[in-house]
Amino acid sequence: MDAPVRDAEFGPGPLVPPFPKVHTRPLGGSPLGDLRIAWEMSRNLIGAWCEEDFDNLVTPYHFMGQPGLVVSDPAGVHQVLSSPNFRRPLKLGRPLKPLAGEGLLLSEGETWKRQRKSLAPVFTPAAIGGLLPHFAAAGVNLVEGLTDQGTANLSEAFHHATLDAVLRALFSRRADRDGAVLAEIARRYLEGPAHFRLLDFIGRGRDDLTFADGDRRRLGGRWLAEVDSLIAQRKAATPADDRPGDLLDRLLAARDEDGHPLPDQEIRDQCSSMLAAGFETTSRLLFWAAYLLARDPATQDRVRAEVQAFAVEHVASLDDLKAWPLLRSVLFETLRLYPTAPTFGRQALAGEMVLGHPVPAGAMVTISPWLIHRHRKLWDQPTAFLPERFLDQPHPWGIEAFLPFGGGPRVCIGAGFALAEAQIILATLLARFEIGLADERPVIPVASITLGPNHEPDFTLTPIVQARA
């Protein structure tokens with residue numbers, strides 16, 4: 001459906017934000033239907049679901065001559081994500097490979113296991129806690145840039161703020177100063193070449209039909225060259241005692257299983273993967289959280305009260321973030337309604353049974369957090385914005401139907417990084433401004449690499465001091 005069923009601003013009940021059309025019948029079942037699905041998904045990865053998908057926990061299908069299975073049942077999802085018999089389809093890495101290289105984001109098998117083990121110390125709570133000053137600095141830079149603006153494009157502002165935070169945390173570089181070249185390349189790539197194209201669906205592998213990927217190769221090559229230069233500069237520089245530690249420091253200090261330093265190319269690819277996975281995703285999380293809070297001013301006021309009771313300036317450790325339970329719950333509910341990776345798949349290496357359904361070798365299993373998070377059999381009021389549902393969940397990862405960062409062994413290693421960054425930046429914004437929407441046009445989510453808006457609305461910004469006068 002194109003419009004919300006209920007709206008907190010115009011009727012009783014909780015806010016139900018707008019979402020894309022849900023088709024009354026399945027689109028597939030014929031060559032023409034498969035082409036329609038491919039076309040719909042090239043425009044919006046969540047644009048081909050039908051009504052029965054939100055009621056069925058398992059749905060067999062055929063697409064482009066290949067058998068597949070849509071699995072929304074949590075037990076089936078766990079089986080597929082935990083089994084070594086299923087791997088990520090190689091072609092799903094096509095859009096990001098020129099930017100991310102062979103880092104953790106796209107690696108597979110034993111290479112992935114070795115990289116994951118090497119990177120584990122980089123993302124411990126203690127390591128993330130050491131990055132909080134970088135997140136706080138990016139938040140301050142954000143609100144200073146918004147000062148004296150009555151309206152602002154917060155989607156663009158969050159893009160810049162999260163890129164600033166990641167560049168600070170990775171390289172101790174600011175997006176508007178010595179990281180400006182990296183910022184420009186990253187934004188150009190993630191706003192254009194990183195999006196899925198029709199040929200990405202048709203191609204069988206990561207390197208098939210790449211004749212139209214010249215823009216990806218050009219920008220990706222520039223990005224990798226810049227990261228190589230940063231690594232070389234850091235290795236040649238004298239350590240600075242007054243600089244907060246960053247992720248590049250930790251990667252340079254990391255050792256493999258044999259005690260050897262990581263190769264420069266691997267460090268470069270890991271840095272590239274972190275940026276590709278961390279900048280755009282957190283930016284989108286902040287945008288959708290701001291959109292929901294602008295549509296639900298009562299919840300916004302309650303979150304602001306938390307932030308005012310324990311100011312951002314007092315945050316010195318990850319434990320301090322526990323002072324904002326509603327803010328945290330708003331982010332979790334935002335991730336439920338607008339999951340970072342709305343759809344992904346796994347390919348069977350050998351035949352297997354999933355919930356009584358045969359999955360032959362080579363077949364695809366489709367798992368959609370967008371579908372699972374809004375499934376009528378898994379959630380109460382699944383399309384409504386109800387952050388309170390997470391208040392009594394100290395560890396929401398234990399909710400089987402909640403997959404904001406994936407699941408199984410490949411669950412996102414940077415989840416703690418992203419959540420800490422998002423909490424600090426959003427708290428900094430809400431402490432300074434009341435946010436609203438400049439117009440009432442529905443904002444519909446459109447999925448490609450991440451879940452973005454069909455248009456970027458202007459937000460109104462009312463300084464808190466002025467609002468209380």
# chains A, B, ... in the order shown; residues from 1 in each chain; ligands from 1

$ residues_around --residues "Glu156 (chain A)" --least-positions-apart "3" --cutoff "12 Å" --atoms "only C-alpha atoms" --output "list in words"
Leu142, Gly145, Leu146, Ala152, Asn153, His159, His160, Ala161, Thr162, Leu163, Arg187, Glu191, Glu280, Ser283, Arg284, Leu286, Phe287, Gly452, Pro453, His455, Glu456, Pro457, Asp458 and Phe459 of chain A

$ residues_around --residues "region 342-347 of chain A" --least-positions-apart "2" --cutoff "8 Å" --atoms "only C-alpha atoms" --output "ChimeraX atom specification"
/A:45-46,80-81,86-89,338-340,349,361-371,447,450-451

$ write_last_selection --atoms "C-alpha atoms" --output "compact mmCIF listing (two decimals), in the first residue's frame"
# COMPACT_ATOMS: atom_id res chain seq x y z
CA LEU A 45 14.74 -4.33 -3.93
CA ILE A 46 11.66 -4.42 -1.70
CA VAL A 80 20.53 -21.34 6.60
CA LEU A 81 22.72 -18.61 8.13
CA PHE A 86 25.11 -22.14 2.32
CA ARG A 87 27.27 -19.29 1.06
CA ARG A 88 26.59 -15.76 -0.08
CA PRO A 89 26.06 -15.59 -3.85
CA TYR A 338 13.99 0.16 7.98
CA PRO A 339 16.59 -2.65 8.14
CA THR A 340 20.01 -1.71 6.84
CA LEU A 349 26.51 -25.75 -2.10
CA ALA A 361 22.54 -27.60 -4.97
CA GLY A 362 22.88 -24.17 -6.55
CA ALA A 363 19.43 -23.03 -5.44
CA MET A 364 18.97 -19.67 -3.75
CA VAL A 365 17.44 -19.05 -0.34
CA THR A 366 16.13 -15.50 -0.03
CA ILE A 367 16.06 -13.94 3.45
CA SER A 368 14.50 -10.50 3.76
CA PRO A 369 14.76 -8.62 7.06
CA TRP A 370 12.30 -6.14 5.52
CA LEU A 371 9.77 -8.96 5.17
CA ALA A 447 16.17 -0.35 -1.29
CA THR A 450 20.94 0.22 1.75
CA LEU A 451 17.41 1.46 2.43

$ residues_around --residues "Leu292 (chain A)" --least-positions-apart "6" --cutoff "8 Å" --atoms "only C-alpha atoms" --output "list in words"
Pro17, Thr334 and Phe385 of chain A

$ residues_around --residues "Ser273 (chain A)" --least-positions-apart "5" --cutoff "12 Å" --atoms "only C-alpha atoms" --output "PyMOL selection string"
chain A and resi 93+96-107+115+119+166+170+186+220+223-224+227+266-268+278-280+412-414

$ select_by_dssp --residues "region 8-177 of chain A" --states "strand (DSSP E)" --output "list of chain:residue names"
A:Val58, A:Thr59, A:Pro60, A:Tyr61, A:His62, A:Phe63, A:Gln66, A:Pro67, A:Gly68, A:Leu69, A:Val70, A:Val71, A:Phe86, A:Arg87, A:Thr151, A:Ala152

$ write_last_selection --atoms "N, CA and C atoms" --output "PDB file, in the first residue's frame"
ATOM      1  N   VAL A  58       7.346 -19.652   4.675  1.00  0.00           N
ATOM      2  CA  VAL A  58       8.214 -20.287   3.678  1.00  0.00           C
ATOM      3  C   VAL A  58       7.480 -20.265   2.341  1.00  0.00           C
ATOM      4  N   THR A  59       8.161 -19.827   1.278  1.00  0.00           N
ATOM      5  CA  THR A  59       7.544 -19.776  -0.048  1.00  0.00           C
ATOM      6  C   THR A  59       8.536 -20.260  -1.097  1.00  0.00           C
ATOM      7  N   PRO A  60       8.284 -21.433  -1.727  1.00  0.00           N
ATOM      8  CA  PRO A  60       9.131 -21.868  -2.849  1.00  0.00           C
ATOM      9  C   PRO A  60       8.875 -20.985  -4.078  1.00  0.00           C
ATOM     10  N   TYR A  61       9.902 -20.820  -4.932  1.00  0.00           N
ATOM     11  CA  TYR A  61       9.721 -20.033  -6.146  1.00  0.00           C
ATOM     12  C   TYR A  61      10.713 -20.483  -7.205  1.00  0.00           C
ATOM     13  N   HIS A  62      10.486 -20.049  -8.439  1.00  0.00           N
ATOM     14  CA  HIS A  62      11.446 -20.182  -9.529  1.00  0.00           C
ATOM     15  C   HIS A  62      11.684 -18.788 -10.093  1.00  0.00           C
ATOM     16  N   PHE A  63      12.957 -18.466 -10.337  1.00  0.00           N
ATOM     17  CA  PHE A  63      13.299 -17.158 -10.881  1.00  0.00           C
ATOM     18  C   PHE A  63      14.423 -17.325 -11.877  1.00  0.00           C
ATOM     19  N   GLN A  66      15.821 -20.780 -12.164  1.00  0.00           N
ATOM     20  CA  GLN A  66      16.476 -21.356 -11.001  1.00  0.00           C
ATOM     21  C   GLN A  66      15.477 -21.498  -9.845  1.00  0.00           C
ATOM     22  N   PRO A  67      15.508 -22.658  -9.137  1.00  0.00           N
ATOM     23  CA  PRO A  67      14.622 -22.808  -7.986  1.00  0.00           C
ATOM     24  C   PRO A  67      15.121 -21.992  -6.806  1.00  0.00           C
ATOM     25  N   GLY A  68      14.213 -21.625  -5.931  1.00  0.00           N
ATOM     26  CA  GLY A  68      14.585 -20.861  -4.743  1.00  0.00           C
ATOM     27  C   GLY A  68      13.547 -20.995  -3.658  1.00  0.00           C
ATOM     28  N   LEU A  69      13.862 -20.406  -2.527  1.00  0.00           N
ATOM     29  CA  LEU A  69      12.992 -20.489  -1.361  1.00  0.00           C
ATOM     30  C   LEU A  69      13.086 -19.180  -0.598  1.00  0.00           C
ATOM     31  N   VAL A  70      11.945 -18.527  -0.358  1.00  0.00           N
ATOM     32  CA  VAL A  70      11.906 -17.381   0.552  1.00  0.00           C
ATOM     33  C   VAL A  70      11.654 -17.919   1.945  1.00  0.00           C
ATOM     34  N   VAL A  71      12.554 -17.641   2.875  1.00  0.00           N
ATOM     35  CA  VAL A  71      12.433 -18.160   4.238  1.00  0.00           C
ATOM     36  C   VAL A  71      12.298 -16.993   5.206  1.00  0.00           C
ATOM     37  N   PHE A  86      25.646 -23.298   3.035  1.00  0.00           N
ATOM     38  CA  PHE A  86      25.113 -22.143   2.319  1.00  0.00           C
ATOM     39  C   PHE A  86      26.151 -21.027   2.315  1.00  0.00           C
ATOM     40  N   ARG A  87      26.339 -20.397   1.173  1.00  0.00           N
ATOM     41  CA  ARG A  87      27.273 -19.286   1.063  1.00  0.00           C
ATOM     42  C   ARG A  87      26.575 -18.096   0.403  1.00  0.00           C
ATOM     43  N   THR A 151      15.685  25.379   8.137  1.00  0.00           N
ATOM     44  CA  THR A 151      15.394  24.073   7.556  1.00  0.00           C
ATOM     45  C   THR A 151      16.702  23.471   7.046  1.00  0.00           C
ATOM     46  N   ALA A 152      16.708  22.166   6.917  1.00  0.00           N
ATOM     47  CA  ALA A 152      17.922  21.501   6.446  1.00  0.00           C
ATOM     48  C   ALA A 152      17.567  20.156   5.832  1.00  0.00           C
TER      49      ALA A 152
END

$ select_by_dssp --residues "region 223-392 of chain A" --states "alpha helix (DSSP H)" --output "PDB file with C-alpha atoms, in the first residue's frame"
ATOM      1  CA  TRP A 223      39.591   5.230  -3.513  1.00  0.00           C
ATOM      2  CA  LEU A 224      41.989   2.298  -3.078  1.00  0.00           C
ATOM      3  CA  ALA A 225      44.915   4.479  -4.156  1.00  0.00           C
ATOM      4  CA  GLU A 226      43.984   7.111  -1.550  1.00  0.00           C
ATOM      5  CA  VAL A 227      43.781   4.488   1.206  1.00  0.00           C
ATOM      6  CA  ASP A 228      47.147   3.047   0.146  1.00  0.00           C
ATOM      7  CA  SER A 229      48.620   6.548   0.461  1.00  0.00           C
ATOM      8  CA  LEU A 230      47.168   7.022   3.953  1.00  0.00           C
ATOM      9  CA  ILE A 231      48.608   3.713   5.139  1.00  0.00           C
ATOM     10  CA  ALA A 232      52.029   4.599   3.764  1.00  0.00           C
ATOM     11  CA  GLN A 233      51.912   8.031   5.434  1.00  0.00           C
ATOM     12  CA  ARG A 234      50.935   6.531   8.795  1.00  0.00           C
ATOM     13  CA  LYS A 235      53.665   3.883   8.670  1.00  0.00           C
ATOM     14  CA  ALA A 236      56.267   6.559   7.853  1.00  0.00           C
ATOM     15  CA  LEU A 247      41.173   1.909  13.629  1.00  0.00           C
ATOM     16  CA  LEU A 248      44.151   2.212  11.300  1.00  0.00           C
ATOM     17  CA  ASP A 249      46.430   2.142  14.352  1.00  0.00           C
ATOM     18  CA  ARG A 250      44.746  -1.072  15.493  1.00  0.00           C
ATOM     19  CA  LEU A 251      44.937  -2.670  12.051  1.00  0.00           C
ATOM     20  CA  LEU A 252      48.637  -1.851  11.805  1.00  0.00           C
ATOM     21  CA  ALA A 253      49.131  -3.401  15.242  1.00  0.00           C
ATOM     22  CA  ASP A 264      49.252  -3.608   3.417  1.00  0.00           C
ATOM     23  CA  GLN A 265      46.723  -4.737   0.816  1.00  0.00           C
ATOM     24  CA  GLU A 266      44.649  -6.497   3.454  1.00  0.00           C
ATOM     25  CA  ILE A 267      44.763  -3.438   5.714  1.00  0.00           C
ATOM     26  CA  ARG A 268      43.659  -1.319   2.759  1.00  0.00           C
ATOM     27  CA  ASP A 269      40.815  -3.682   1.894  1.00  0.00           C
ATOM     28  CA  GLN A 270      39.661  -3.865   5.519  1.00  0.00           C
ATOM     29  CA  CYS A 271      39.629  -0.062   5.763  1.00  0.00           C
ATOM     30  CA  SER A 272      37.680   0.077   2.524  1.00  0.00           C
ATOM     31  CA  SER A 273      35.190  -2.517   3.749  1.00  0.00           C
ATOM     32  CA  MET A 274      34.663  -0.637   7.009  1.00  0.00           C
ATOM     33  CA  LEU A 275      33.898   2.558   5.177  1.00  0.00           C
ATOM     34  CA  ALA A 276      31.634   0.889   2.615  1.00  0.00           C
ATOM     35  CA  ALA A 277      29.730  -0.960   5.346  1.00  0.00           C
ATOM     36  CA  GLY A 278      29.740   1.740   8.008  1.00  0.00           C
ATOM     37  CA  PHE A 279      29.233   5.154   6.479  1.00  0.00           C
ATOM     38  CA  GLU A 280      26.130   4.682   4.341  1.00  0.00           C
ATOM     39  CA  THR A 281      24.362   2.282   6.701  1.00  0.00           C
ATOM     40  CA  THR A 282      24.640   4.487   9.781  1.00  0.00           C
ATOM     41  CA  SER A 283      23.665   7.536   7.755  1.00  0.00           C
ATOM     42  CA  ARG A 284      20.454   5.817   6.674  1.00  0.00           C
ATOM     43  CA  LEU A 285      19.710   4.663  10.235  1.00  0.00           C
ATOM     44  CA  LEU A 286      19.990   8.262  11.458  1.00  0.00           C
ATOM     45  CA  PHE A 287      17.832   9.591   8.631  1.00  0.00           C
ATOM     46  CA  TRP A 288      14.992   7.147   9.276  1.00  0.00           C
ATOM     47  CA  ALA A 289      15.181   7.673  13.050  1.00  0.00           C
ATOM     48  CA  ALA A 290      14.947  11.437  12.520  1.00  0.00           C
ATOM     49  CA  TYR A 291      12.036  10.965  10.124  1.00  0.00           C
ATOM     50  CA  LEU A 292      10.129   8.824  12.629  1.00  0.00           C
ATOM     51  CA  LEU A 293      10.791  11.231  15.502  1.00  0.00           C
ATOM     52  CA  ALA A 294       9.736  14.192  13.370  1.00  0.00           C
ATOM     53  CA  ARG A 295       6.453  12.384  12.682  1.00  0.00           C
ATOM     54  CA  PRO A 297       6.940  14.579  18.385  1.00  0.00           C
ATOM     55  CA  ALA A 298       5.768  13.065  21.695  1.00  0.00           C
ATOM     56  CA  THR A 299       8.394  10.320  21.474  1.00  0.00           C
ATOM     57  CA  GLN A 300      10.952  12.892  20.331  1.00  0.00           C
ATOM     58  CA  ASP A 301      10.297  14.935  23.483  1.00  0.00           C
ATOM     59  CA  ARG A 302      10.773  11.872  25.678  1.00  0.00           C
ATOM     60  CA  VAL A 303      14.077  11.014  23.989  1.00  0.00           C
ATOM     61  CA  ARG A 304      15.228  14.607  24.415  1.00  0.00           C
ATOM     62  CA  ALA A 305      14.435  14.450  28.135  1.00  0.00           C
ATOM     63  CA  GLU A 306      16.785  11.439  28.418  1.00  0.00           C
ATOM     64  CA  VAL A 307      19.560  13.280  26.598  1.00  0.00           C
ATOM     65  CA  GLN A 308      19.122  16.400  28.715  1.00  0.00           C
ATOM     66  CA  ALA A 309      19.215  14.333  31.911  1.00  0.00           C
ATOM     67  CA  PRO A 325      17.298   3.432  26.969  1.00  0.00           C
ATOM     68  CA  LEU A 326      14.512   5.056  24.938  1.00  0.00           C
ATOM     69  CA  LEU A 327      16.963   6.491  22.410  1.00  0.00           C
ATOM     70  CA  ARG A 328      18.458   3.028  22.030  1.00  0.00           C
ATOM     71  CA  SER A 329      14.982   1.536  21.609  1.00  0.00           C
ATOM     72  CA  VAL A 330      14.112   4.137  18.967  1.00  0.00           C
ATOM     73  CA  LEU A 331      17.181   3.069  16.988  1.00  0.00           C
ATOM     74  CA  PHE A 332      16.241  -0.611  17.310  1.00  0.00           C
ATOM     75  CA  GLU A 333      12.673   0.076  16.206  1.00  0.00           C
ATOM     76  CA  THR A 334      14.037   2.127  13.315  1.00  0.00           C
ATOM     77  CA  LEU A 335      16.210  -0.816  12.306  1.00  0.00           C
ATOM     78  CA  ARG A 336      13.157  -3.059  12.494  1.00  0.00           C
ATOM     79  CA  LEU A 337      11.073  -0.833  10.229  1.00  0.00           C
ATOM     80  CA  PRO A 369      14.762  -8.619   7.061  1.00  0.00           C
ATOM     81  CA  TRP A 370      12.300  -6.137   5.517  1.00  0.00           C
ATOM     82  CA  LEU A 371       9.768  -8.961   5.167  1.00  0.00           C
ATOM     83  CA  ILE A 372      10.613 -10.679   8.464  1.00  0.00           C
ATOM     84  CA  HIS A 373      10.503  -7.442  10.488  1.00  0.00           C
TER      85      HIS A 373
END

$ residues_around --residues "Trp49 (chain A)" --least-positions-apart "2" --cutoff "7 Å" --atoms "only C-alpha atoms" --output "ChimeraX atom specification"
/A:22-23,46-47,51,53

$ write_last_selection --atoms "C-alpha atoms" --output "mmCIF file, in the first residue's frame"
data_model
loop_
_atom_site.group_PDB
_atom_site.id
_atom_site.type_symbol
_atom_site.label_atom_id
_atom_site.label_comp_id
_atom_site.auth_asym_id
_atom_site.auth_seq_id
_atom_site.Cartn_x
_atom_site.Cartn_y
_atom_site.Cartn_z
ATOM 1 C CA VAL A 22 2.459 -4.480 -1.668
ATOM 2 C CA HIS A 23 1.209 -6.398 -4.698
ATOM 3 C CA ILE A 46 11.657 -4.416 -1.698
ATOM 4 C CA GLY A 47 9.268 -3.521 -4.512
ATOM 5 C CA GLU A 51 0.419 -9.783 0.345
ATOM 6 C CA ASP A 53 4.624 -13.006 1.548
#

$ residues_around --residues "Val354 (chain A)" --least-positions-apart "3" --cutoff "8 Å" --atoms "only C-alpha atoms" --output "ChimeraX atom specification"
/A:76,79-80,357-359

$ atom_distance --atom1 "CA of Pro14 (chain A)" --atom2 "CA of Trp379 (chain A)"
14.7 Å

$ closest_residue --among "A:Glu440, A:Glu352, A:Asp258, A:Asp296" --to "Ser83 (chain A)" --atoms "only C-alpha atoms"
A:Glu352

$ residues_around --residues "Lys117 (chain A)" --least-positions-apart "3" --cutoff "10 Å" --atoms "only C-alpha atoms" --output "list in words"
Trp112, Lys113, Arg114, Ala120, Pro121, Val122, Arg255, Asp256 and Glu257 of chain A
